[in-house]
$ cat protein.cif   # mmCIF, C-alpha atoms
data_final
loop_
_atom_site.label_atom_id
_atom_site.label_comp_id
_atom_site.auth_asym_id
_atom_site.auth_seq_id
_atom_site.Cartn_x
_atom_site.Cartn_y
_atom_site.Cartn_z
CA MET A 191 172.03 -38.62 -79.47
CA ARG A 192 169.00 -37.20 -81.18
CA ILE A 193 166.39 -34.96 -79.59
CA GLY A 194 162.69 -34.36 -80.04
CA VAL A 195 160.18 -32.06 -78.36
CA GLU A 196 156.52 -32.16 -77.37
CA GLU A 197 154.90 -28.75 -76.87
CA GLU A 198 151.46 -28.00 -75.44
CA PHE A 199 149.48 -24.90 -76.43
CA HIS A 200 146.44 -23.15 -74.95
CA VAL A 201 143.63 -22.37 -77.39
CA LEU A 202 142.24 -18.87 -76.78
CA GLU A 203 139.51 -16.61 -78.02
CA VAL A 204 141.44 -13.64 -79.39
CA GLU A 205 139.26 -10.74 -78.23
CA SER A 206 138.66 -11.90 -74.66
CA GLY A 207 141.89 -13.84 -74.07
CA LEU A 208 139.85 -16.64 -72.50
CA LEU A 209 140.44 -20.35 -72.98
CA VAL A 210 137.95 -22.02 -75.31
CA PRO A 211 137.29 -25.78 -75.73
CA ARG A 212 137.91 -25.76 -79.47
CA ALA A 213 141.05 -27.85 -79.83
CA ASP A 214 139.14 -30.35 -81.98
CA ALA A 215 138.21 -27.64 -84.48
CA VAL A 216 141.84 -26.54 -84.73
CA LEU A 217 143.08 -30.13 -85.03
CA ARG A 218 140.73 -30.85 -87.94
CA ARG A 219 142.82 -28.38 -89.95
CA LEU A 220 146.15 -29.98 -89.03
CA PRO A 221 148.02 -33.24 -89.78
CA GLY A 222 147.26 -35.89 -87.17
CA GLN A 223 150.78 -37.29 -86.96
CA THR A 224 152.21 -34.00 -85.71
CA PHE A 225 149.33 -32.49 -83.69
CA THR A 226 147.03 -34.21 -81.20
CA THR A 227 144.63 -33.78 -78.28
CA GLU A 228 145.30 -33.49 -74.57
CA LEU A 229 143.20 -34.03 -71.43
CA GLN A 230 141.53 -30.64 -71.74
CA PRO A 231 139.70 -29.62 -74.94
CA CYS A 232 141.37 -26.20 -74.82
CA THR A 233 144.84 -27.69 -75.35
CA VAL A 234 146.68 -28.85 -78.47
CA GLU A 235 149.90 -30.87 -78.39
CA ALA A 236 152.52 -30.61 -81.13
CA ASN A 237 155.15 -33.33 -81.64
CA SER A 238 158.39 -32.49 -83.40
CA ALA A 239 160.41 -34.80 -85.59
CA VAL A 240 163.72 -36.03 -84.16
CA HIS A 241 166.91 -34.12 -84.84
CA THR A 242 170.64 -34.20 -84.34
CA SER A 243 171.15 -30.42 -84.50
CA LEU A 244 169.57 -27.58 -82.55
CA GLN A 245 169.36 -25.68 -85.84
CA ASP A 246 167.01 -28.28 -87.31
CA LEU A 247 165.02 -28.55 -84.08
CA TYR A 248 164.47 -24.79 -84.08
CA ALA A 249 163.32 -24.80 -87.71
CA ASP A 250 160.91 -27.63 -86.93
CA LEU A 251 159.46 -25.94 -83.83
CA THR A 252 158.94 -22.59 -85.53
CA GLY A 253 157.43 -24.32 -88.56
CA MET A 254 154.94 -26.21 -86.37
CA ARG A 255 154.05 -23.02 -84.54
CA ARG A 256 153.33 -21.21 -87.81
CA GLU A 257 151.19 -24.10 -88.99
CA LEU A 258 149.27 -24.21 -85.70
CA ASP A 259 148.82 -20.43 -85.64
CA ALA A 260 147.44 -20.46 -89.20
CA ALA A 261 144.90 -23.15 -88.32
CA ALA A 262 143.78 -21.32 -85.18
CA SER A 263 143.68 -17.90 -86.88
CA SER A 264 141.41 -19.24 -89.60
CA LEU A 265 138.84 -19.90 -86.86
CA GLY A 266 139.26 -16.55 -85.13
CA LEU A 267 141.33 -18.18 -82.39
CA ALA A 268 144.91 -17.97 -81.16
CA VAL A 269 147.35 -20.36 -79.51
CA VAL A 270 149.69 -19.60 -76.64
CA ALA A 271 152.70 -21.50 -75.29
CA SER A 272 152.86 -20.73 -71.57
CA GLY A 273 152.52 -22.72 -68.38
CA THR A 274 149.15 -21.15 -67.61
CA ALA A 275 146.87 -18.80 -69.52
CA PRO A 276 146.61 -15.53 -67.56
CA LEU A 277 142.81 -15.53 -67.78
CA ALA A 278 142.17 -19.24 -67.21
CA PRO A 279 138.78 -20.12 -65.65
CA ALA A 280 138.52 -21.87 -62.30
CA ALA A 281 138.05 -25.30 -63.90
CA SER A 282 137.11 -27.10 -67.09
CA ALA A 283 133.56 -28.33 -67.53
CA ASN A 284 134.35 -31.45 -69.55
CA PRO A 285 137.49 -33.34 -70.60
CA THR A 286 138.39 -34.27 -74.15
CA ALA A 287 135.96 -36.95 -75.38
CA GLU A 288 138.20 -40.01 -75.06
CA ASP A 289 137.65 -42.90 -72.64
CA ARG A 290 141.05 -42.50 -71.01
CA TYR A 291 140.51 -38.81 -70.38
CA ARG A 292 136.96 -39.39 -69.08
CA HIS A 293 138.34 -41.91 -66.59
CA MET A 294 140.99 -39.43 -65.43
CA ALA A 295 138.37 -36.72 -64.95
CA GLU A 296 136.14 -39.06 -62.91
CA GLU A 297 138.97 -40.48 -60.79
CA TYR A 298 140.97 -37.31 -60.04
CA ARG A 299 138.14 -34.78 -60.04
CA ARG A 300 139.35 -31.24 -59.32
CA VAL A 301 143.00 -32.12 -60.00
CA ALA A 302 141.95 -33.06 -63.54
CA ASP A 303 139.39 -30.24 -63.82
CA GLU A 304 142.09 -27.67 -63.09
CA GLN A 305 144.62 -29.22 -65.47
CA LEU A 306 144.51 -26.03 -67.53
CA ILE A 307 148.27 -25.99 -67.85
CA CYS A 308 150.81 -26.55 -70.61
CA GLY A 309 154.33 -27.95 -70.56
CA ALA A 310 157.23 -28.62 -72.88
CA GLN A 311 158.83 -32.08 -72.89
CA VAL A 312 162.22 -32.98 -74.36
CA HIS A 313 163.21 -36.50 -75.45
CA VAL A 314 166.86 -37.56 -75.76
CA ASP A 315 168.00 -40.85 -77.27
CA VAL A 316 169.37 -43.48 -74.90
CA PRO A 317 170.60 -46.98 -75.87
CA ASP A 318 168.35 -48.90 -73.45
CA ARG A 319 166.03 -48.55 -70.45
CA ASP A 320 168.71 -49.46 -67.89
CA THR A 321 170.76 -46.50 -69.11
CA ALA A 322 167.67 -44.27 -69.04
CA VAL A 323 166.89 -45.16 -65.43
CA ARG A 324 170.45 -44.66 -64.23
CA VAL A 325 170.88 -41.38 -66.08
CA MET A 326 167.53 -40.20 -64.69
CA CYS A 327 169.04 -40.25 -61.21
CA GLU A 328 172.23 -38.49 -62.30
CA VAL A 329 170.56 -35.54 -64.04
CA SER A 330 167.78 -34.90 -61.50
CA PRO A 331 169.68 -32.40 -59.28
CA TRP A 332 170.04 -29.95 -62.19
CA LEU A 333 166.44 -30.04 -63.42
CA PRO A 334 165.16 -27.19 -61.19
CA ALA A 335 167.51 -24.88 -63.10
CA LEU A 336 165.80 -25.92 -66.35
CA LEU A 337 162.42 -25.24 -64.74
CA ALA A 338 163.61 -21.74 -63.81
CA LEU A 339 164.66 -21.08 -67.42
CA SER A 340 161.19 -22.11 -68.64
CA ALA A 341 159.07 -20.35 -65.98
CA SER A 342 156.06 -18.78 -67.71
CA SER A 343 153.05 -19.11 -65.43
CA PRO A 344 152.85 -16.31 -62.86
CA PHE A 345 149.11 -15.70 -63.37
CA TRP A 346 146.18 -17.94 -62.50
CA GLN A 347 142.50 -17.01 -62.83
CA GLY A 348 143.38 -13.38 -63.48
CA THR A 349 145.62 -12.84 -60.46
CA ASP A 350 149.36 -12.85 -59.79
CA THR A 351 150.19 -15.97 -57.77
CA GLY A 352 153.57 -14.69 -56.58
CA TYR A 353 155.20 -17.66 -58.35
CA ALA A 354 157.16 -17.69 -61.57
CA SER A 355 155.73 -21.15 -62.37
CA TRP A 356 152.32 -21.69 -60.80
CA ARG A 357 151.92 -24.58 -63.25
CA THR A 358 154.46 -26.50 -61.17
CA LEU A 359 152.30 -26.24 -58.05
CA LEU A 360 149.21 -27.37 -59.95
CA TRP A 361 151.13 -30.20 -61.63
CA GLN A 362 152.59 -31.54 -58.39
CA ARG A 363 149.13 -32.47 -57.10
CA TRP A 364 149.16 -35.58 -59.30
CA PRO A 365 150.22 -38.67 -57.30
CA THR A 366 153.22 -39.45 -59.53
CA ALA A 367 154.50 -35.91 -60.13
CA GLY A 368 157.79 -34.53 -58.86
CA PRO A 369 161.32 -35.93 -58.51
CA PRO A 370 161.51 -39.60 -59.58
CA GLY A 371 163.89 -41.04 -57.00
CA CYS A 372 166.75 -43.37 -57.89
CA TYR A 373 166.79 -46.96 -59.16
CA GLU A 374 169.65 -49.28 -60.07
CA SER A 375 167.91 -50.87 -63.06
CA ALA A 376 164.93 -50.63 -65.37
CA ALA A 377 163.47 -53.76 -63.75
CA GLU A 378 163.51 -52.06 -60.33
CA TYR A 379 161.94 -48.89 -61.75
CA ASP A 380 159.28 -50.80 -63.71
CA ALA A 381 158.35 -52.83 -60.62
CA ALA A 382 157.82 -49.61 -58.66
CA ILE A 383 155.58 -48.22 -61.40
CA GLU A 384 153.63 -51.46 -61.60
CA ASP A 385 152.94 -51.12 -57.87
CA PHE A 386 151.23 -47.78 -58.59
CA VAL A 387 149.05 -49.44 -61.24
CA ARG A 388 148.15 -52.47 -59.09
CA ALA A 389 147.27 -50.18 -56.20
CA GLY A 390 144.86 -48.23 -58.42
CA ILE A 391 146.79 -44.98 -57.95
CA ILE A 392 147.26 -44.63 -61.71
CA SER A 393 145.54 -46.49 -64.52
CA ASP A 394 148.53 -46.91 -66.86
CA THR A 395 152.22 -46.14 -67.20
CA GLY A 396 151.45 -43.06 -69.28
CA MET A 397 150.33 -41.43 -66.02
CA VAL A 398 153.85 -41.41 -64.57
CA TYR A 399 154.39 -37.66 -64.36
CA TYR A 400 157.86 -37.50 -62.85
CA ASP A 401 160.08 -34.52 -63.65
CA VAL A 402 162.12 -36.90 -65.81
CA ARG A 403 161.28 -40.45 -66.86
CA PRO A 404 162.14 -43.20 -69.32
CA SER A 405 159.59 -43.05 -72.11
CA ASP A 406 157.18 -45.99 -71.95
CA HIS A 407 157.13 -46.40 -75.74
CA LEU A 408 160.32 -44.82 -77.10
CA ARG A 409 163.99 -45.47 -76.42
CA THR A 410 164.43 -42.04 -74.85
CA LEU A 411 164.77 -40.23 -71.56
CA GLU A 412 162.06 -37.59 -71.27
CA LEU A 413 162.32 -34.24 -69.48
CA ARG A 414 158.93 -33.17 -68.10
CA ILE A 415 159.61 -30.48 -65.49
CA CYS A 416 159.35 -27.40 -67.74
CA ASP A 417 156.58 -24.92 -68.45
CA ALA A 418 155.59 -24.40 -72.05
CA CYS A 419 157.76 -21.56 -73.39
CA PRO A 420 156.44 -18.59 -75.38
CA ARG A 421 159.71 -18.33 -77.33
CA ALA A 422 160.89 -21.31 -79.35
CA GLU A 423 164.45 -20.21 -78.60
CA THR A 424 163.91 -21.07 -74.93
CA VAL A 425 162.81 -24.57 -75.87
CA VAL A 426 165.96 -24.97 -77.97
CA LEU A 427 168.10 -23.76 -75.06
CA ILE A 428 166.54 -26.28 -72.67
CA ALA A 429 166.78 -29.09 -75.22
CA GLY A 430 170.48 -28.39 -75.73
CA LEU A 431 171.15 -28.32 -72.00
CA PHE A 432 169.19 -31.50 -71.35
CA ARG A 433 170.97 -33.42 -74.10
CA ALA A 434 174.29 -32.28 -72.64
CA LEU A 435 173.18 -33.34 -69.16
CA VAL A 436 172.36 -36.82 -70.47
CA THR A 437 175.68 -36.98 -72.35
CA GLU A 438 177.67 -35.90 -69.30
CA ALA A 439 175.81 -38.32 -67.02
CA ARG A 440 176.41 -41.26 -69.33
CA ALA A 441 180.13 -40.47 -69.42
CA ARG A 442 180.22 -40.24 -65.63
CA LEU A 443 178.43 -43.58 -65.26
CA ARG A 444 180.88 -45.25 -67.64
CA LYS A 445 183.79 -43.87 -65.67
CA ARG A 446 182.31 -44.95 -62.33
CA GLY A 447 181.57 -48.40 -63.67
CA THR A 448 178.77 -49.32 -61.28
CA PRO A 449 175.19 -48.04 -61.04
CA GLY A 450 173.90 -46.48 -57.88
CA CYS A 451 172.99 -43.07 -56.56
CA ALA A 452 175.83 -40.83 -55.44
CA GLY A 453 173.68 -38.89 -52.97
CA ARG A 454 170.28 -38.44 -51.32
CA HIS A 455 167.54 -36.66 -53.28
CA GLU A 456 164.99 -35.72 -50.62
CA TRP A 457 165.97 -32.07 -51.08
CA LEU A 458 164.90 -32.01 -54.73
CA ARG A 459 161.22 -31.35 -54.15
CA GLY A 460 162.17 -28.26 -52.19
CA ALA A 461 164.61 -27.22 -54.91
CA SER A 462 161.84 -27.50 -57.50
CA TRP A 463 159.55 -25.41 -55.29
CA ARG A 464 162.30 -22.78 -55.03
CA ALA A 465 162.66 -22.68 -58.83
CA ALA A 466 158.90 -22.41 -59.29
CA ARG A 467 158.73 -19.60 -56.77
CA SER A 468 161.65 -17.54 -58.02
CA GLY A 469 162.28 -18.45 -61.66
CA LEU A 470 165.37 -16.60 -62.86
CA GLU A 471 164.58 -13.52 -60.81
CA GLY A 472 165.54 -14.90 -57.39
CA THR A 473 167.58 -17.70 -55.91
CA LEU A 474 167.82 -21.42 -56.62
CA VAL A 475 169.31 -24.31 -54.67
CA ASP A 476 172.87 -25.01 -55.83
CA PRO A 477 172.90 -28.74 -56.72
CA GLU A 478 176.49 -29.14 -55.57
CA THR A 479 176.35 -27.32 -52.22
CA HIS A 480 172.60 -27.58 -51.48
CA ARG A 481 172.76 -23.93 -50.47
CA GLU A 482 170.92 -20.88 -51.74
CA ALA A 483 172.53 -19.23 -54.75
CA SER A 484 171.44 -16.76 -57.39
CA ALA A 485 169.77 -18.24 -60.46
CA ARG A 486 172.41 -16.56 -62.61
CA GLN A 487 175.18 -18.31 -60.65
CA VAL A 488 173.53 -21.75 -60.87
CA VAL A 489 172.83 -21.49 -64.61
CA ARG A 490 176.38 -20.37 -65.36
CA LYS A 491 177.75 -23.21 -63.20
CA LEU A 492 175.62 -25.60 -65.25
CA LEU A 493 176.97 -24.15 -68.49
CA LEU A 494 180.55 -24.56 -67.30
CA ARG A 495 179.90 -28.12 -66.18
CA LEU A 496 178.33 -29.05 -69.52
CA ARG A 497 180.72 -27.21 -71.83
CA PRO A 498 182.61 -30.38 -72.97
CA ALA A 499 179.34 -32.16 -73.77
CA LEU A 500 177.92 -29.09 -75.51
CA GLU A 501 181.05 -28.74 -77.59
CA ALA A 502 180.91 -32.42 -78.52
CA HIS A 503 177.44 -31.84 -80.01
CA GLY A 504 178.43 -28.54 -81.64
CA ASP A 505 175.99 -26.72 -79.33
CA TRP A 506 178.26 -24.60 -77.16
CA GLY A 507 178.02 -21.32 -79.09
CA THR A 508 174.24 -21.48 -79.53
CA VAL A 509 173.47 -22.57 -75.97
CA ARG A 510 175.84 -20.06 -74.38
CA GLU A 511 174.37 -17.17 -76.40
CA LEU A 512 170.79 -18.18 -75.70
CA ALA A 513 171.53 -18.66 -72.00
CA GLU A 514 173.22 -15.27 -71.65
CA GLU A 515 170.37 -13.58 -73.49
CA THR A 516 167.84 -15.26 -71.21
CA LEU A 517 169.75 -14.32 -68.06
CA ALA A 518 170.01 -10.72 -69.23
CA GLU A 519 166.35 -10.38 -70.18
CA GLY A 520 164.81 -12.59 -67.52
CA SER A 521 162.21 -15.31 -67.62
CA ALA A 522 158.94 -15.26 -69.53
CA ALA A 523 157.25 -14.79 -66.15
CA ARG A 524 159.13 -11.51 -65.74
CA ARG A 525 158.13 -10.33 -69.23
CA MET A 526 154.51 -11.24 -68.52
CA ARG A 527 154.44 -9.31 -65.27
CA ARG A 528 156.13 -6.31 -66.86
CA THR A 529 153.56 -6.24 -69.66
CA ALA A 530 150.64 -6.70 -67.25
CA ARG A 531 151.86 -3.75 -65.14
CA ARG A 532 152.38 -1.55 -68.18
CA GLU A 533 149.08 -2.53 -69.83
CA ASP A 534 146.81 -5.22 -68.36
CA LEU A 535 146.31 -8.98 -68.54
CA LEU A 536 144.87 -8.73 -72.05
CA GLY A 537 148.08 -7.00 -73.05
CA CYS A 538 149.94 -9.88 -71.46
CA VAL A 539 147.90 -12.34 -73.53
CA ASP A 540 148.69 -10.35 -76.68
CA MET A 541 152.39 -10.54 -75.82
CA LEU A 542 152.16 -14.33 -75.40
CA ILE A 543 150.34 -14.73 -78.72
CA ALA A 544 153.01 -12.66 -80.48
CA GLU A 545 155.93 -14.51 -78.89
CA THR A 546 154.37 -17.88 -79.65
CA ARG A 547 154.18 -16.78 -83.30
CA GLY A 548 157.84 -15.73 -83.19
CA GLU A 549 157.22 -11.98 -83.04
CA ARG A 550 159.04 -9.52 -80.81
CA GLY A 551 157.86 -5.96 -81.25
CA GLY A 552 156.68 -6.76 -84.77
CA ARG A 553 159.97 -8.51 -85.70
CA ARG A 554 160.63 -12.17 -86.41
CA PRO A 555 164.35 -12.43 -85.68
CA ALA A 556 166.59 -15.45 -86.11
CA ARG A 557 168.45 -15.78 -82.85
CA ALA A 558 171.89 -17.22 -82.12
CA GLY A 559 172.51 -18.38 -85.66
CA LEU A 560 169.19 -20.21 -85.83
CA SER A 561 167.65 -19.76 -89.27
CA ARG A 562 163.96 -19.96 -90.11
CA THR A 563 164.39 -22.56 -92.83
CA VAL A 564 161.87 -25.35 -92.22
CA VAL A 565 163.15 -28.91 -92.56
CA THR A 566 161.25 -32.17 -92.55
CA PRO A 567 163.65 -34.88 -91.38
CA THR A 568 162.61 -38.51 -91.55
CA ARG A 569 165.17 -40.24 -89.34
CA PRO A 570 163.40 -42.27 -86.64
CA LEU A 571 164.20 -42.50 -82.98
CA ALA A 572 166.36 -45.43 -81.92
CA GLY A 573 164.58 -48.73 -82.52
CA PRO A 574 163.01 -50.04 -85.70
CA GLU A 575 159.45 -49.61 -84.46
CA ALA A 576 159.80 -45.97 -83.43
CA PRO A 577 157.80 -43.24 -85.21
CA ASP A 578 159.25 -40.23 -87.02
CA VAL A 579 157.75 -37.82 -84.52
CA VAL A 580 157.92 -37.70 -80.77
CA GLY A 581 154.60 -38.72 -79.22
CA ARG A 582 152.95 -39.34 -75.89
#
$ encode --input "protein.cif" --output "structure tokens"
Amino acid sequence: MRIGVEEEFHVLEVESGLLVPRADAVLRRLPGQTFTTELQPCTVEANSAVHTSLQDLYADLTGMRRELDAAASSLGLAVVASGTAPLAPAASANPTAEDRYRHMAEEYRRVADEQLICGAQVHVDVPDRDTAVRVMCEVSPWLPALLALSASSPFWQGTDTGYASWRTLLWQRWPTAGPPGCYESAAEYDAAIEDFVRAGIISDTGMVYYDVRPSDHLRTLELRICDACPRAETVVLIAGLFRALVTEARARLRKRGTPGCAGRHEWLRGASWRAARSGLEGTLVDPETHREASARQVVRKLLLRLRPALEAHGDWGTVRELAEETLAEGSAARRMRRTARREDLLGCVDMLIAETRGERGGRRPARAGLSRTVVTPTRPLAGPEAPDVVGR
């Protein structure tokens, strides 16, 4: 069960900390297979190769970040991995110059104009779309905990929103964002998505923005709920947990023998709101009891639940250490607020630039046994037609 990651990065002017629409200039200095455009011209997307080990994924992510930082720095710019940029403007003037993006800007207006947000997506191999759809239902109750681990967007337009992930609130304005619901088969899921297209709600299946979804072009299940993460280690932690969630869900489905949802999911939108509001610094909704519980308690319950699957992938030691470090230090949102109080929002931007580069107080440590050796694997995702990198 291989994994791959898509990361989105804000492009900033270094001195002011403001977003600048210069993604194209940065991309001209980068390989097109790995880096690409997004809806807004101040955003760059990076697509990892696919990996079997978290070690190799970490090396790939940090290598891509160094490459992206070098391209941006050569233009006097910087890149930041966070859900929102602290000093984002009210809206973007123009989308990226592609027909699809122009249509989205015209159709969705301010929702698209204010899409000045970045996320991190994780792909995990699945054998077929029926499995992807059934697993999607099984893993959904635990996804708010992954959102809390990633929370990195407390600031919007220069003010503190009171949320750990304001990106989530902006993102949920799209008509297909949020929890996906449950389906017994890929045919049932695809029919529901086709209804959105026929009704003119979305223009194509790529605009399905559920918290988790079957990829429309790869044989993977894709996690989409998370903020972009300043530290690559956080991305690795979430990728390891998500792969274990998929592994555990597949085993549970095999044991049960029949598809079908084991419970109602109406509560999930509220659970996602709770995670966006609190991050790791408050309470979450316990997926098993549906009651309020500390984020620390929910994350540790998730670790205990997934330990057999993590051990099967050789991930237990790395994921446990990264999780405990994150719980001890708090979310990126907490670090951002702490820096902003101690300095100002420009200091917060500087912190995000440094963490995106892999720096912590001038150091570039290798965490939890993760080395900085860059690898370039070539194994494709499942399916003969699949590319060597994860893409949109």
$ resolve_selection --input "protein.cif" --expression "the PyMOL selection byres ((chain A and resi 209) around 10)" --output "NGL selection string"
:A and (200-204 or 206-208 or 210-212 or 231-233 or 267-270 or 275-279 or 282 or 306)
$ atom_distance --input "protein.cif" --atom1 "atom CA of Arg219 of chain A" --atom2 "atom CA of Ser264 of chain A"
9.3 Å
$ closest_atom_pairs --input "protein.cif" --of "segment 387-506 of chain A" --to "segment 363-371 of chain A" --cutoff "9 Å" --atoms "all atoms listed in the file" --output "JSON lines"
{"residue": "A:Ile391", "atom": "CA", "partner": "A:Pro365", "partner_atom": "CA", "distance": 7.2}
{"residue": "A:Ile392", "atom": "CA", "partner": "A:Pro365", "partner_atom": "CA", "distance": 8.0}
{"residue": "A:Met397", "atom": "CA", "partner": "A:Thr366", "partner_atom": "CA", "distance": 7.4}
{"residue": "A:Val398", "atom": "CA", "partner": "A:Thr366", "partner_atom": "CA", "distance": 5.4}
{"residue": "A:Tyr399", "atom": "CA", "partner": "A:Ala367", "partner_atom": "CA", "distance": 4.6}
{"residue": "A:Tyr400", "atom": "CA", "partner": "A:Ala367", "partner_atom": "CA", "distance": 4.6}
{"residue": "A:Asp401", "atom": "CA", "partner": "A:Gly368", "partner_atom": "CA", "distance": 5.3}
{"residue": "A:Val402", "atom": "CA", "partner": "A:Pro370", "partner_atom": "CA", "distance": 6.8}
{"residue": "A:Arg403", "atom": "CA", "partner": "A:Pro370", "partner_atom": "CA", "distance": 7.3}
{"residue": "A:Ile415", "atom": "CA", "partner": "A:Gly368", "partner_atom": "CA", "distance": 8.0}
{"residue": "A:Arg454", "atom": "CA", "partner": "A:Gly371", "partner_atom": "CA", "distance": 8.9}
{"residue": "A:His455", "atom": "CA", "partner": "A:Gly371", "partner_atom": "CA", "distance": 6.8}
{"residue": "A:Glu456", "atom": "CA", "partner": "A:Gly371", "partner_atom": "CA", "distance": 8.4}
{"residue": "A:Leu458", "atom": "CA", "partner": "A:Pro369", "partner_atom": "CA", "distance": 6.5}
{"residue": "A:Arg459", "atom": "CA", "partner": "A:Pro369", "partner_atom": "CA", "distance": 6.3}
{"residue": "A:Ser462", "atom": "CA", "partner": "A:Gly368", "partner_atom": "CA", "distance": 8.2}
$ atom_distance --input "protein.cif" --atom1 "atom CA of Leu229 of chain A" --atom2 "atom CA of Pro285 of chain A"
5.8 Å
$ closest_residue --input "protein.cif" --among "A:Ala422, A:Val509, A:Val312, A:Ala381" --to "Leu251 of chain A" --atoms "all atoms listed in the file"
A:Ala422
$ closest_residue --input "protein.cif" --among "A:Thr321, A:Thr252, A:Thr274, A:Asn237" --to "Tyr353 of chain A" --atoms "all atoms listed in the file"
A:Thr274
$ atom_distance --input "protein.cif" --atom1 "atom CA of Leu337 of chain A" --atom2 "atom CA of Arg467 of chain A"
10.4 Å
$ residues_around --input "protein.cif" --residues "Ala376 of chain A" --least-positions-apart "5" --cutoff "6 Å" --atoms "only C-alpha atoms" --output "list in words"
Arg319, Asp320 and Val323 of chain A
$ closest_residue --input "protein.cif" --among "A:Cys419, A:Leu411, A:Val539, A:Val325" --to "Glu374 of chain A" --atoms "only C-alpha atoms"
A:Val325
$ closest_residue --input "protein.cif" --among "A:Leu333, A:Cys308, A:Ala271, A:Ala338" --to "Arg255 of chain A" --atoms "all atoms listed in the file"
A:Ala271
$ residues_around --input "protein.cif" --residues "segment 497-501 of chain A" --least-positions-apart "6" --cutoff "8 Å" --atoms "all atoms listed in the file" --output "list of chain:residue names"
A:Gly430, A:Leu431, A:Ala434, A:Leu435, A:Thr437, A:Glu438, A:Val509
$ closest_residue --input "protein.cif" --among "A:Val301, A:Cys372, A:Cys416, A:Val425" --to "Gln245 of chain A" --atoms "all atoms listed in the file"
A:Val425
$ closest_residue --input "protein.cif" --among "A:Ala322, A:Leu542, A:Ile307, A:Val240" --to "Trp361 of chain A" --atoms "all atoms listed in the file"
A:Ile307
$ residues_around --input "protein.cif" --residues "Gly469 of chain A" --least-positions-apart "2" --cutoff "8 Å" --atoms "only C-alpha atoms" --output "number ranges by chain"
A: 337-341, 353-355, 464-467, 471-473, 485, 521, 523
